[in-house]
>>> print(open('start-v8.pdb').read())   # PDB, C-alpha atoms
ATOM      1  CA  MET U   1     163.383  13.748 183.495
ATOM      2  CA  LEU U   2     164.862  10.270 183.283
ATOM      3  CA  LEU U   3     167.064  10.495 186.345
ATOM      4  CA  SER U   4     164.312  12.143 188.355
ATOM      5  CA  ASN U   5     162.040   9.184 187.640
ATOM      6  CA  THR U   6     164.761   6.631 188.247
ATOM      7  CA  TYR U   7     165.871   8.045 191.568
ATOM      8  CA  SER U   8     162.346   8.354 192.901
ATOM      9  CA  LYS U   9     162.408   4.551 193.225
ATOM     10  CA  PRO U  10     163.956   2.903 196.301
ATOM     11  CA  GLN U  11     167.706   2.538 195.896
ATOM     12  CA  PRO U  12     170.127   0.228 197.683
ATOM     13  CA  ASP U  13     171.171   1.358 201.131
ATOM     14  CA  LEU U  14     173.879   3.846 200.205
ATOM     15  CA  ALA U  15     173.556   6.216 203.114
ATOM     16  CA  ASP U  16     176.613   8.369 203.592
ATOM     17  CA  PRO U  17     178.834   6.533 201.071
ATOM     18  CA  PHE U  18     181.516   9.173 201.266
ATOM     19  CA  ARG U  19     181.736   8.849 205.044
ATOM     20  CA  LYS U  20     181.984   5.097 204.606
ATOM     21  CA  ALA U  21     184.813   5.471 202.119
ATOM     22  CA  LEU U  22     186.653   7.924 204.331
ATOM     23  CA  GLY U  23     186.269   5.661 207.332
ATOM     24  CA  GLN U  24     188.043   2.795 205.582
ATOM     25  CA  SER U  25     191.299   4.710 205.632
ATOM     26  CA  MET U  26     191.383   4.946 209.412
ATOM     27  CA  HIS U  27     193.258   2.505 211.655
ATOM     28  CA  ASP U  28     191.354   0.356 214.136
ATOM     29  CA  ASN U  29     193.934   0.766 216.878
ATOM     30  CA  VAL U  30     193.599   4.523 217.369
ATOM     31  CA  SER U  31     191.484   5.884 220.193
ATOM     32  CA  GLU U  32     187.852   6.796 219.525
ATOM     33  CA  THR U  33     188.630  10.455 220.189
ATOM     34  CA  VAL U  34     191.488  10.545 217.707
ATOM     35  CA  GLU U  35     189.466   8.589 215.151
ATOM     36  CA  ALA U  36     186.487  10.909 215.513
ATOM     37  CA  SER U  37     188.760  13.916 215.104
ATOM     38  CA  LYS U  38     190.346  12.481 211.968
ATOM     39  CA  LYS U  39     186.955  11.555 210.551
ATOM     40  CA  GLU U  40     185.618  15.056 211.132
ATOM     41  CA  ALA U  41     188.688  16.594 209.484
ATOM     42  CA  ALA U  42     188.355  14.265 206.503
ATOM     43  CA  GLU U  43     184.672  15.096 206.109
ATOM     44  CA  ASN U  44     185.369  18.822 206.320
ATOM     45  CA  GLU U  45     188.059  18.471 203.677
ATOM     46  CA  PHE U  46     185.622  16.552 201.468
ATOM     47  CA  TYR U  47     182.906  19.198 201.732
ATOM     48  CA  ASN U  48     185.414  21.995 201.170
ATOM     49  CA  ARG U  49     186.248  20.457 197.791
ATOM     50  CA  ILE U  50     182.634  20.516 196.587
ATOM     51  CA  SER U  51     181.950  23.344 194.172
ATOM     52  CA  PHE U  52     179.716  24.423 191.323
ATOM     53  CA  ALA U  53     180.741  26.878 188.610
ATOM     54  CA  GLU U  54     183.080  28.573 191.105
ATOM     55  CA  GLU U  55     180.075  29.944 192.993
ATOM     56  CA  ASN U  56     179.355  29.625 196.692
ATOM     57  CA  ILE U  57     177.447  26.629 198.004
ATOM     58  CA  PRO U  58     176.293  27.497 201.556
ATOM     59  CA  LEU U  59     177.125  24.127 203.085
ATOM     60  CA  GLU U  60     177.321  25.757 206.503
ATOM     61  CA  GLU U  61     173.511  25.765 206.358
ATOM     62  CA  VAL U  62     172.167  22.496 207.764
ATOM     63  CA  ALA U  63     169.287  22.257 205.281
ATOM     64  CA  VAL U  64     171.594  22.740 202.291
ATOM     65  CA  LYS U  65     174.095  20.161 203.497
ATOM     66  CA  ARG U  66     171.354  17.655 204.297
ATOM     67  CA  LYS U  67     169.823  18.022 200.848
ATOM     68  CA  LEU U  68     173.173  17.597 199.134
ATOM     69  CA  ASP U  69     173.912  14.503 201.240
ATOM     70  CA  LYS U  70     170.608  13.039 200.066
ATOM     71  CA  TYR U  71     171.603  13.138 196.396
ATOM     72  CA  LEU U  72     175.217  12.188 197.016
ATOM     73  CA  SER U  73     173.907   9.011 198.594
ATOM     74  CA  ARG U  74     171.443   8.337 195.781
ATOM     75  CA  PHE U  75     174.006   8.819 193.022
ATOM     76  CA  ALA U  76     176.989   7.097 194.662
ATOM     77  CA  TYR U  77     176.636   3.832 192.759
ATOM     78  CA  LEU U  78     176.981   5.617 189.391
ATOM     79  CA  LYS U  79     180.738   5.947 189.940
ATOM     80  CA  LYS U  80     181.317   2.234 189.482
ATOM     81  CA  PRO U  81     183.329   1.659 186.273
ATOM     82  CA  SER U  82     180.860  -1.044 185.238
ATOM     83  CA  HIS U  83     177.914   1.361 185.270
ATOM     84  CA  HIS U  84     176.748   2.497 181.831
ATOM     85  CA  ILE U  85     176.493   6.169 182.852
ATOM     86  CA  HIS U  86     180.088   6.068 184.104
ATOM     87  CA  ARG U  87     181.256   4.677 180.761
ATOM     88  CA  LYS U  88     179.261   7.201 178.742
ATOM     89  CA  ALA U  89     180.483  10.067 180.919
ATOM     90  CA  ASP U  90     184.125   9.127 180.372
ATOM     91  CA  LYS U  91     183.565   9.183 176.621
ATOM     92  CA  MET U  92     181.209  12.125 176.126
ATOM     93  CA  LEU U  93     181.817  14.664 178.880
ATOM     94  CA  PRO U  94     185.233  15.827 177.607
ATOM     95  CA  ARG U  95     183.621  16.616 174.234
ATOM     96  CA  ILE U  96     180.783  18.482 175.911
ATOM     97  CA  ALA U  97     183.161  20.420 178.176
ATOM     98  CA  LYS U  98     185.227  21.587 175.196
ATOM     99  CA  ILE U  99     182.167  23.056 173.492
ATOM    100  CA  LEU U 100     180.896  24.724 176.656
ATOM    101  CA  LYS U 101     184.306  26.278 177.247
ATOM    102  CA  SER U 102     184.274  27.803 173.748
ATOM    103  CA  TYR U 103     181.202  29.818 174.806
ATOM    104  CA  GLY U 104     182.550  30.783 178.208
ATOM    105  CA  VAL U 105     180.159  28.420 180.017
ATOM    106  CA  PRO U 106     181.657  26.695 183.084
ATOM    107  CA  GLU U 107     182.635  23.085 182.541
ATOM    108  CA  ASP U 108     180.407  21.988 185.440
ATOM    109  CA  PHE U 109     177.372  22.470 183.211
ATOM    110  CA  LYS U 110     178.289  19.324 181.303
ATOM    111  CA  TYR U 111     176.626  17.424 184.141
ATOM    112  CA  ILE U 112     173.245  18.859 183.148
ATOM    113  CA  ALA U 113     173.257  16.469 180.202
ATOM    114  CA  VAL U 114     173.832  13.557 182.594
ATOM    115  CA  VAL U 115     171.023  14.642 184.913
ATOM    116  CA  GLU U 116     168.646  15.420 182.068
ATOM    117  CA  SER U 117     169.055  12.354 179.848
ATOM    118  CA  SER U 118     171.647  10.003 181.360
ATOM    119  CA  LEU U 119     173.504  10.830 178.107
ATOM    120  CA  ASN U 120     170.895   8.867 176.177
ATOM    121  CA  PRO U 121     169.634  10.928 173.201
ATOM    122  CA  GLN U 122     166.495   8.789 172.894
ATOM    123  CA  THR U 123     165.221  10.037 176.243
ATOM    124  CA  THR U 124     161.929  11.912 175.955
ATOM    125  CA  SER U 125     159.640  13.556 178.478
ATOM    126  CA  HIS U 126     155.847  13.547 178.581
ATOM    127  CA  LYS U 127     155.973  17.261 177.776
ATOM    128  CA  GLY U 128     157.893  16.682 174.532
ATOM    129  CA  ALA U 129     161.447  17.477 175.629
ATOM    130  CA  GLY U 130     164.050  15.297 173.964
ATOM    131  CA  GLY U 131     167.685  14.605 173.206
ATOM    132  CA  TYR U 132     170.820  14.867 175.298
ATOM    133  CA  TRP U 133     169.851  18.249 176.756
ATOM    134  CA  GLN U 134     166.083  17.659 176.872
ATOM    135  CA  PHE U 135     165.160  20.649 174.746
ATOM    136  CA  MET U 136     161.533  21.413 174.012
ATOM    137  CA  PRO U 137     161.077  21.702 170.221
ATOM    138  CA  ALA U 138     160.442  25.465 170.289
ATOM    139  CA  THR U 139     163.506  26.170 172.440
ATOM    140  CA  ALA U 140     165.634  23.900 170.272
ATOM    141  CA  ARG U 141     164.623  25.808 167.143
ATOM    142  CA  LEU U 142     165.208  29.147 168.881
ATOM    143  CA  TYR U 143     168.842  28.143 169.453
ATOM    144  CA  GLY U 144     169.478  26.878 165.948
ATOM    145  CA  LEU U 145     168.460  23.218 165.948
ATOM    146  CA  LYS U 146     166.306  21.613 163.266
ATOM    147  CA  VAL U 147     163.353  19.750 164.712
ATOM    148  CA  ASN U 148     160.746  18.517 162.252
ATOM    149  CA  GLY U 149     159.193  15.357 160.897
ATOM    150  CA  SER U 150     162.381  14.169 159.247
ATOM    151  CA  VAL U 151     165.206  15.720 161.297
ATOM    152  CA  ASP U 152     165.738  16.109 165.038
ATOM    153  CA  GLU U 153     169.087  17.696 165.843
ATOM    154  CA  ARG U 154     168.397  17.406 169.558
ATOM    155  CA  LEU U 155     169.757  13.868 169.091
ATOM    156  CA  ASP U 156     173.088  15.158 167.784
ATOM    157  CA  LEU U 157     175.569  15.517 170.659
ATOM    158  CA  VAL U 158     177.676  18.266 169.090
ATOM    159  CA  LYS U 159     174.882  20.372 167.615
ATOM    160  CA  SER U 160     172.667  20.113 170.696
ATOM    161  CA  THR U 161     175.565  21.013 172.993
ATOM    162  CA  HIS U 162     176.268  24.145 170.957
ATOM    163  CA  ALA U 163     172.588  25.054 171.366
ATOM    164  CA  ALA U 164     172.671  24.337 175.099
ATOM    165  CA  ALA U 165     175.777  26.495 175.514
ATOM    166  CA  LYS U 166     174.064  29.399 173.755
ATOM    167  CA  TYR U 167     170.986  28.984 175.922
ATOM    168  CA  LEU U 168     172.967  28.785 179.160
ATOM    169  CA  LYS U 169     174.997  31.832 178.203
ATOM    170  CA  SER U 170     171.781  33.791 177.567
ATOM    171  CA  LEU U 171     170.421  32.711 180.961
ATOM    172  CA  TYR U 172     173.610  33.839 182.682
ATOM    173  CA  LYS U 173     173.387  37.189 180.893
ATOM    174  CA  GLU U 174     169.859  37.571 182.241
ATOM    175  CA  PHE U 175     170.431  36.459 185.841
ATOM    176  CA  GLY U 176     174.139  37.245 186.358
ATOM    177  CA  ASP U 177     174.581  34.058 188.360
ATOM    178  CA  TRP U 178     175.488  30.591 187.085
ATOM    179  CA  THR U 179     173.537  28.771 189.802
ATOM    180  CA  LEU U 180     170.391  30.697 188.909
ATOM    181  CA  ALA U 181     171.112  30.027 185.232
ATOM    182  CA  ALA U 182     171.126  26.288 186.009
ATOM    183  CA  ALA U 183     167.797  26.588 187.842
ATOM    184  CA  ALA U 184     166.337  28.612 184.968
ATOM    185  CA  TYR U 185     167.420  25.906 182.527
ATOM    186  CA  ASN U 186     165.063  23.590 184.385
ATOM    187  CA  VAL U 187     162.115  25.817 185.221
ATOM    188  CA  GLY U 188     162.364  28.514 182.527
ATOM    189  CA  GLY U 189     163.576  32.087 182.754
ATOM    190  CA  GLY U 190     160.122  33.626 183.120
ATOM    191  CA  SER U 191     159.103  31.368 185.979
ATOM    192  CA  LEU U 192     162.362  31.929 187.839
ATOM    193  CA  ARG U 193     162.105  35.697 187.386
ATOM    194  CA  SER U 194     158.640  35.586 188.920
ATOM    195  CA  SER U 195     159.885  33.581 191.916
ATOM    196  CA  LEU U 196     162.797  35.958 192.512
ATOM    197  CA  ARG U 197     160.546  39.002 192.308
ATOM    198  CA  ARG U 198     157.731  37.545 194.391
ATOM    199  CA  GLN U 199     159.988  36.171 197.131
ATOM    200  CA  LYS U 200     162.397  39.136 197.047
ATOM    201  CA  LYS U 201     165.377  36.758 196.941
ATOM    202  CA  ASP U 202     168.461  36.678 194.750
ATOM    203  CA  ASN U 203     169.922  33.301 195.729
ATOM    204  CA  TYR U 204     168.872  29.843 194.520
ATOM    205  CA  TYR U 205     169.427  28.274 197.939
ATOM    206  CA  ASP U 206     167.028  30.741 199.574
ATOM    207  CA  LEU U 207     164.195  30.277 197.086
ATOM    208  CA  LYS U 208     161.080  28.163 197.536
ATOM    209  CA  LEU U 209     160.606  26.438 194.185
ATOM    210  CA  ASN U 210     158.699  23.490 192.789
ATOM    211  CA  SER U 211     160.133  20.157 193.954
ATOM    212  CA  GLU U 212     161.937  19.384 190.690
ATOM    213  CA  THR U 213     163.692  22.747 190.428
ATOM    214  CA  ALA U 214     164.385  22.856 194.171
ATOM    215  CA  ALA U 215     166.361  19.617 193.736
ATOM    216  CA  TYR U 216     167.856  20.394 190.337
ATOM    217  CA  VAL U 217     171.093  22.161 191.248
ATOM    218  CA  TYR U 218     171.719  19.699 194.075
ATOM    219  CA  LYS U 219     171.471  16.873 191.551
ATOM    220  CA  ILE U 220     173.978  18.555 189.232
ATOM    221  CA  ILE U 221     176.433  19.171 192.078
ATOM    222  CA  SER U 222     176.006  15.632 193.363
ATOM    223  CA  MET U 223     176.466  14.129 189.903
ATOM    224  CA  LYS U 224     179.661  16.121 189.486
ATOM    225  CA  THR U 225     180.958  15.152 192.924
ATOM    226  CA  VAL U 226     180.214  11.452 192.489
ATOM    227  CA  LEU U 227     181.678  11.134 189.004
ATOM    228  CA  GLU U 228     184.804  13.092 189.936
ATOM    229  CA  ASN U 229     185.471  11.271 193.228
ATOM    230  CA  ASP U 230     185.574   7.678 194.397
ATOM    231  CA  LEU U 231     182.397   7.498 196.468
ATOM    232  CA  SER U 232     181.331   4.009 195.490
ATOM    233  CA  SER U 233     183.257   2.084 198.144
TER     234      SER U 233
END
>>> encode(input="start-v8.pdb", output="structure tokens")
Amino acid sequence: MLLSNTYSKPQPDLADPFRKALGQSMHDNVSETVEASKKEAAENEFYNRISFAEENIPLEEVAVKRKLDKYLSRFAYLKKPSHHIHRKADKMLPRIAKILKSYGVPEDFKYIAVVESSLNPQTTSHKGAGGYWQFMPATARLYGLKVNGSVDERLDLVKSTHAAAKYLKSLYKEFGDWTLAAAAYNVGGGSLRSSLRRQKKDNYYDLKLNSETAAYVYKIISMKTVLENDLSS
């Protein structure tokens, strides 16, 4: 996916941007003990606000928190108003959210389109996925989109979002968990079912998955957190 390729390249030193932003609000004349206490409280408050589809994110687990921090740091610069993804998100995400809501799909899933295509419909993958939601042609047709030599409705924001909402709703019906539905959107329902059965797990954060899917939900959560908070300072 476009963002996956982009973020595999070295990025500016953005380590812990949220901690940096929080630290700016603290006074220099307070004692180190008081400052450390305030910083810890501010960080805890920040993490407590992070959510995805109203489902639990086990941030008390060190590995989970570390992985989320990794993508928060990578995506922090996207919040800048001058960044093209920021501008596109402001314009397109409310439209996407409205359609998702009409199907009962949590609004947080609008960030899949950002992670998948950077909201650029011309994005294509080497496997043939395309459009805002990076549908494969067969999946696109299955959920009502026309994809042929003369028409490709994967490039239509409204039509492709209706198709994505239907697909996500079907994945939730199958797995009964929105986080697993997000993972299945990336890796496919059959593959995820096999992993759950083989590993005897029922939680995304406990599964051992391929590197792309293992990072996928973290990327969505991080994209949401960055675009909804000022982490670019």
>>> closest_residue(input="start-v8.pdb", among="U:Trp133, U:Phe109, U:Phe75, U:Tyr167", to="U:Pro121", atoms="only C-alpha atoms")
U:Trp133
>>> atom_distance(input="start-v8.pdb", atom1="atom CA of U:Asn44", atom2="atom CA of U:Arg74")
20.4 Å
>>> atom_distance(input="start-v8.pdb", atom1="atom CA of U:Glu55", atom2="atom CA of U:Ser118")
24.6 Å
>>> resolve_selection(input="start-v8.pdb", expression="the PyMOL selection byres ((chain U and resi 218-230) around 7)", output="MDAnalysis selection string")
chainID U and resid 50 52 68 71:72 75:76 79 111:112 115 215:217 231:232
>>> residues_around(input="start-v8.pdb", residues="U:Ser194", least_positions_apart="6", cutoff="12 Å", atoms="all atoms listed in the file", output="number ranges by chain")
U: 184, 187-188, 200-202, 207-209
>>> atom_distance(input="start-v8.pdb", atom1="atom CA of U:Val151", atom2="atom CA of U:Leu168")
23.5 Å
>>> decode(input="start-v8.pdb", residues="stretch 175-195 of chain U", atoms="N, CA, C and O atoms", output="JSON list (two decimals), in the first residue's frame")
[["chain", "number", "residue", "atom", "x", "y", "z"],
["U", 175, "PHE", "N", -16.76, -11.97, 12.13],
["U", 175, "PHE", "CA", -15.81, -12.06, 13.24],
["U", 175, "PHE", "C", -16.34, -11.52, 14.56],
["U", 175, "PHE", "O", -15.79, -11.81, 15.62],
["U", 176, "GLY", "N", -17.41, -10.71, 14.53],
["U", 176, "GLY", "CA", -18.00, -10.19, 15.76],
["U", 176, "GLY", "C", -17.10, -9.23, 16.52],
["U", 176, "GLY", "O", -17.27, -9.04, 17.73],
["U", 177, "ASP", "N", -16.16, -8.63, 15.83],
["U", 177, "ASP", "CA", -15.18, -7.76, 16.46],
["U", 177, "ASP", "C", -14.67, -6.78, 15.40],
["U", 177, "ASP", "O", -14.19, -7.20, 14.34],
["U", 178, "TRP", "N", -14.77, -5.47, 15.69],
["U", 178, "TRP", "CA", -14.39, -4.49, 14.69],
["U", 178, "TRP", "C", -12.89, -4.47, 14.44],
["U", 178, "TRP", "O", -12.45, -4.23, 13.30],
["U", 179, "THR", "N", -12.09, -4.73, 15.45],
["U", 179, "THR", "CA", -10.64, -4.74, 15.26],
["U", 179, "THR", "C", -10.24, -5.90, 14.35],
["U", 179, "THR", "O", -9.41, -5.73, 13.44],
["U", 180, "LEU", "N", -10.84, -7.06, 14.55],
["U", 180, "LEU", "CA", -10.58, -8.19, 13.67],
["U", 180, "LEU", "C", -11.11, -7.91, 12.26],
["U", 180, "LEU", "O", -10.51, -8.34, 11.27],
["U", 181, "ALA", "N", -12.23, -7.20, 12.17],
["U", 181, "ALA", "CA", -12.77, -6.84, 10.86],
["U", 181, "ALA", "C", -11.77, -5.97, 10.10],
["U", 181, "ALA", "O", -11.58, -6.14, 8.89],
["U", 182, "ALA", "N", -11.13, -5.04, 10.81],
["U", 182, "ALA", "CA", -10.12, -4.18, 10.18],
["U", 182, "ALA", "C", -8.94, -5.02, 9.69],
["U", 182, "ALA", "O", -8.44, -4.82, 8.58],
["U", 183, "ALA", "N", -8.49, -5.96, 10.51],
["U", 183, "ALA", "CA", -7.38, -6.83, 10.11],
["U", 183, "ALA", "C", -7.77, -7.67, 8.90],
["U", 183, "ALA", "O", -6.97, -7.86, 7.97],
["U", 184, "ALA", "N", -9.00, -8.18, 8.91],
["U", 184, "ALA", "CA", -9.48, -9.01, 7.80],
["U", 184, "ALA", "C", -9.58, -8.20, 6.51],
["U", 184, "ALA", "O", -9.39, -8.74, 5.42],
["U", 185, "TYR", "N", -9.88, -6.92, 6.63],
["U", 185, "TYR", "CA", -9.93, -6.06, 5.45],
["U", 185, "TYR", "C", -8.58, -6.06, 4.75],
["U", 185, "TYR", "O", -8.49, -6.01, 3.52],
["U", 186, "ASN", "N", -7.52, -6.14, 5.51],
["U", 186, "ASN", "CA", -6.17, -6.14, 4.96],
["U", 186, "ASN", "C", -5.74, -7.52, 4.46],
["U", 186, "ASN", "O", -5.23, -7.65, 3.34],
["U", 187, "VAL", "N", -5.94, -8.54, 5.26],
["U", 187, "VAL", "CA", -5.37, -9.85, 4.95],
["U", 187, "VAL", "C", -6.37, -10.80, 4.30],
["U", 187, "VAL", "O", -5.98, -11.81, 3.70],
["U", 188, "GLY", "N", -7.67, -10.49, 4.39],
["U", 188, "GLY", "CA", -8.70, -11.38, 3.86],
["U", 188, "GLY", "C", -9.31, -12.23, 4.95],
["U", 188, "GLY", "O", -8.61, -12.67, 5.87],
["U", 189, "GLY", "N", -10.62, -12.45, 4.85],
["U", 189, "GLY", "CA", -11.32, -13.19, 5.88],
["U", 189, "GLY", "C", -10.83, -14.61, 6.04],
["U", 189, "GLY", "O", -10.66, -15.10, 7.16],
["U", 190, "GLY", "N", -10.56, -15.30, 4.93],
["U", 190, "GLY", "CA", -10.12, -16.69, 5.00],
["U", 190, "GLY", "C", -8.78, -16.83, 5.70],
["U", 190, "GLY", "O", -8.60, -17.71, 6.54],
["U", 191, "SER", "N", -7.86, -15.96, 5.37],
["U", 191, "SER", "CA", -6.53, -16.01, 5.99],
["U", 191, "SER", "C", -6.61, -15.72, 7.48],
["U", 191, "SER", "O", -5.94, -16.39, 8.29],
["U", 192, "LEU", "N", -7.42, -14.73, 7.86],
["U", 192, "LEU", "CA", -7.54, -14.40, 9.28],
["U", 192, "LEU", "C", -8.21, -15.53, 10.05],
["U", 192, "LEU", "O", -7.79, -15.87, 11.16],
["U", 193, "ARG", "N", -9.22, -16.14, 9.46],
["U", 193, "ARG", "CA", -9.88, -17.29, 10.10],
["U", 193, "ARG", "C", -8.87, -18.39, 10.38],
["U", 193, "ARG", "O", -8.87, -19.00, 11.45],
["U", 194, "SER", "N", -8.02, -18.65, 9.42],
["U", 194, "SER", "CA", -7.01, -19.70, 9.58],
["U", 194, "SER", "C", -6.05, -19.37, 10.72],
["U", 194, "SER", "O", -5.70, -20.24, 11.52],
["U", 195, "SER", "N", -5.64, -18.10, 10.81],
["U", 195, "SER", "CA", -4.73, -17.69, 11.88],
["U", 195, "SER", "C", -5.38, -17.83, 13.25],
["U", 195, "SER", "O", -4.76, -18.30, 14.21]]
